[in-house]
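S.K.: Pasting a structure below so you can have a look.
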Amino acid sequence: MAPALGNVTPYLMVLVVVATLGPLQFGYHLAELNAPQDVITCEKKSVSTLDKLMSYGSKTSPVDCIPMGPASFAAISAIFTIGGLTGALAAGPFTSCQGRRVSMQMTAAFYLLGSAIETFAKSVPVMVIARFLTGIGAGASTVIVPLYISEVAPPGNRGFFGAFTQISINVGILFTQTLGYFTSHGSAWRWIFGTGVIIALAQFLGLVIVPESPSWTANVKGDVAHARRALQRIRGKHSNIDEEVEAWGAGDGRAPSERERLLASNDLESPETGSGLLSSSPGGPRSQRAHLGFVQVVRDPHCRPAIIAVVGIMFAQQLCGINSIIMYSVSLLKDLLPTSSALLTIIISIINLGTTIAASPLPDRLGRKTCLLGSIIGQGSSSLALALAIRFDLKILSAIAVLLFVAFFAMGLGPVPFIMASELVGPEAVGATQSWALGANYIATFLVAYLFPIVNEALNNALGGAGWVYFIFAGFALLWAIFITRSVPETKGRRDADEVWGRARRTD
């Protein structure tokens with residue numbers, strides 16, 4: 001059933017659009033090197049069949065590239081995830097102290113600076129620095145933007161608006177792949193990075209009209225009157241906001257301390273990273289138990305199985321191989337079809353976006369674990385089919401296998417891990433568990449981003465031909481399917497973590 005959107009105002013939609021420019025740039029920069037890889041590294045002058053046809057017989061434009069080998073290019077690609085991990089872990093404490101609006105302005109500044117350096121980079125070290133800076137902005141955005149959206153969205157529509165984060169990431173991927181198809185030639189590839197400057201500037205300017213989160217204003221600054229006015233403007237002047245104001249705990253005009261709410265533990269903790277890519281802050285009453293820290297959740301016998309499960313599904317999300325396609329498909333799939341691999345990558349991005357939107361109701365209908373297992377089995381089967389198709393030069397089957405590979409990811413492994421990270425533990429451990437989730441996700445992403453081109457080339461040289469690496473991804477899929485079957489419980493329809501882990505019986 002579609003959510004009721006009675007409290008959704010045009011002003012709220014503007015705020016959501018501006019805010020989600022942050023995750024959009026995450027997807028944009030994640031995939032920005034895919035299409036122009038061979039041009040940047042001096043292997044080709046163009047990756048677009050269309051550009052080759054249009055330039056036939058004309059004067060050759062000067063070569064503008066940065067000579068590098070697979071290891072150097074892998075380092076440039078992977079450093080983005082190191083920046084992302086840095087930004088994600090720093091964003092929680094920073095946004096707690098400085099607020100959501102200032103935090104989003106900082107992410108826009110990192111995007112702007114990193115994109116500007118990329119645009120004019122002439123060497124590998126400069127590209128590494130630039131990608132690290134954009135990675136910081138991207139990682140921080142994955143924490144701050146879902147949190148901000150959950151705090152400005154109507155309580156009954158938080159799930160609906162929470163999906164905008166993942167959708168905007170996929171829009172960014174599609175945009176940069178499409179732009180790369182038309183600009184990956186000569187020196188035009190620098191416009192891919194220059195466009196990143198334009199998007200970051202648009203976000204920075206758009207944040208001028210974005211108000212601070214009313215919840216943060218009330219609970220941290222203690223300015224309930226200002227927070228109420230801001231919320232009233234967001235909801236519309238005729239909307240009743242009394243219930244939301246009471247949920248702040250500010251009915252008497254005095255707000256609880258955020259330090260008391262979020263920093264109760266003396267252990268290392270990153271509380272606000274509990275937003276993840278798709279999750280939203282719970283709207284119910286807060287737990288009276290002290291919040292558990294980053295180390296405490298591992299020591300707690302009730303939380304330890306959840307941490308193992310969360311880290312496992314985050315590694316499964318990446319080690320089944322999705323970013324080998326998102327980040328390297330143009331180079332990997334060249335000569336796969338009569339058409340250019342850059343064009344095939346655009347189709348892949350469209351499939352990714354469309355399937356993400358279409359499959360968003362499935363976790364609530366079929367269950368989280370069911371979606372995960374179906375997604376992993378589908379990806380593993382597609383990996384095996386892709387490996388065999390490449391080995392036996394079955395080009396059409398290869399293309400179909402790639403499309404199915406991406407579609408199966410969007411059905412489960414894409415959104416579900418971040419949903420489950422907040423459902424496997426009680427509210428006292430959500431923040432620390434999400435920190436573990438983000439850390440595991442970025443580490444696993446780094447492993448794929450850095451090692452994939454190196455391992456792929458090594459296997460191809462050692463065994464002859466191409467496609468061998470997808471046998472490895474198929475094997476990983478089998479292992480992760482066994483892990484999830486044994487170690488990850490279903491959370492759909494469970495009221496709390498005790499019921500998820502069988503520590504309490506349902507009474508209804």
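Chain lettering (A, B, ...) mirrors the order of the structure tokens, residue numbering begins at 1 for each chain separately, and ligand numbering begins at 1 in order of display.
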Just the residues within 9 Å of A:Val500, please, counting only C-alpha atoms, with nothing from its chain fewer than 6 positions along; format it as a ChimeraX atom specification.
M.R.: /A:423-425,489-494
S.K.: Counting only C-alpha atoms, what are the residues of stretch 340-426 of chain A within 8 Å of stretch 456-470 of chain A, and for each of them which pair of atoms is the nearest and at what distance in Å, to one decimal? Sort the table by chain and rising number, as a tab-separated table.
M.R.:
```
residue	atom	partner	partner_atom	distance
A:Ser383	CA	A:Tyr470	CA	5.3
A:Leu384	CA	A:Tyr470	CA	6.5
A:Leu386	CA	A:Tyr470	CA	6.9
A:Ala387	CA	A:Gly467	CA	4.8
A:Leu388	CA	A:Gly467	CA	7.5
A:Ile390	CA	A:Gly467	CA	5.4
A:Arg391	CA	A:Gly467	CA	6.1
```
S.K.: Keeping only N, CA and C atoms, write those residues as a short mmCIF file (atom, residue, chain, number, x, y, z; two decimals), in the first residue's frame.
M.R.:
```
data_model
loop_
_atom_site.label_atom_id
_atom_site.label_comp_id
_atom_site.auth_asym_id
_atom_site.auth_seq_id
_atom_site.Cartn_x
_atom_site.Cartn_y
_atom_site.Cartn_z
N SER A 383 27.03 -15.04 -11.58
CA SER A 383 28.49 -15.04 -11.65
C SER A 383 29.00 -16.28 -12.38
N LEU A 384 28.42 -17.42 -12.04
CA LEU A 384 28.84 -18.66 -12.69
C LEU A 384 28.53 -18.62 -14.19
N LEU A 386 28.19 -15.92 -16.01
CA LEU A 386 29.06 -14.93 -16.63
C LEU A 386 30.46 -15.51 -16.88
N ALA A 387 30.99 -16.23 -15.89
CA ALA A 387 32.32 -16.82 -16.05
C ALA A 387 32.34 -17.81 -17.21
N LEU A 388 31.33 -18.68 -17.26
CA LEU A 388 31.28 -19.67 -18.33
C LEU A 388 31.06 -19.01 -19.70
N ILE A 390 31.93 -15.96 -20.63
CA ILE A 390 33.16 -15.31 -21.07
C ILE A 390 34.18 -16.35 -21.54
N ARG A 391 34.28 -17.45 -20.80
CA ARG A 391 35.24 -18.49 -21.17
C ARG A 391 34.94 -19.08 -22.55
#
```
S.K.: Quick one: everything within 12 Å of A:Ser239, counting only C-alpha atoms, minus sequence neighbours fewer than 6 positions away in the same chain. Send it as a CSV table (one decimal) with N, CA, C and O atoms, in the first residue's frame.
M.R.:
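Wrote it out as around21.csv, contents follow:
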```csv
chain,number,residue,atom,x,y,z
A,6,GLY,N,-0.1,13.1,3.1
A,6,GLY,CA,-0.9,14.3,3.4
A,6,GLY,C,-0.1,15.4,4.0
A,6,GLY,O,-0.3,16.6,3.8
A,7,ASN,N,1.0,15.0,4.7
A,7,ASN,CA,1.9,16.0,5.4
A,7,ASN,C,3.1,16.4,4.6
A,7,ASN,O,4.0,17.1,5.1
A,8,VAL,N,3.1,15.9,3.3
A,8,VAL,CA,4.3,16.2,2.5
A,8,VAL,C,4.0,17.5,1.7
A,8,VAL,O,3.1,17.6,0.9
A,9,THR,N,4.8,18.5,2.0
A,9,THR,CA,4.7,19.8,1.4
A,9,THR,C,5.7,20.0,0.3
A,9,THR,O,6.8,19.3,0.3
A,154,PRO,N,7.7,13.3,7.8
A,154,PRO,CA,6.6,12.9,8.7
A,154,PRO,C,6.8,11.5,9.2
A,154,PRO,O,7.3,10.7,8.5
A,228,ARG,N,10.2,24.5,16.8
A,228,ARG,CA,8.8,24.4,16.5
A,228,ARG,C,8.4,25.2,15.2
A,228,ARG,O,7.7,24.7,14.4
A,229,ARG,N,9.0,26.4,15.1
A,229,ARG,CA,8.7,27.2,13.9
A,229,ARG,C,9.2,26.6,12.7
A,229,ARG,O,8.5,26.6,11.6
A,231,LEU,N,9.7,23.3,12.2
A,231,LEU,CA,8.9,22.1,11.9
A,231,LEU,C,7.5,22.5,11.3
A,231,LEU,O,7.1,21.9,10.4
A,232,GLN,N,7.0,23.6,11.8
A,232,GLN,CA,5.7,24.1,11.3
A,232,GLN,C,5.8,24.5,9.8
A,232,GLN,O,4.9,24.2,9.0
A,233,ARG,N,6.9,25.1,9.5
A,233,ARG,CA,7.1,25.5,8.1
A,233,ARG,C,7.3,24.3,7.2
A,233,ARG,O,6.7,24.3,6.1
```
S.K.: Determine, counting only C-alpha atoms, which protein, DNA and RNA residues have an atom within 12 Å of an atom of A:Ser72; residues of the same chain fewer than 3 positions away are not included. Present the result as a PyMOL selection string.
M.R.: chain A and resi 37+40-41+66-69+75-79+123-128+449-451+453-454
S.K.: Taking only C-alpha atoms into account, name the residue in A:Ser487, A:Gly92, A:Ser115, A:His29 that is nearest to A:Pro305.
M.R.: A:Ser487
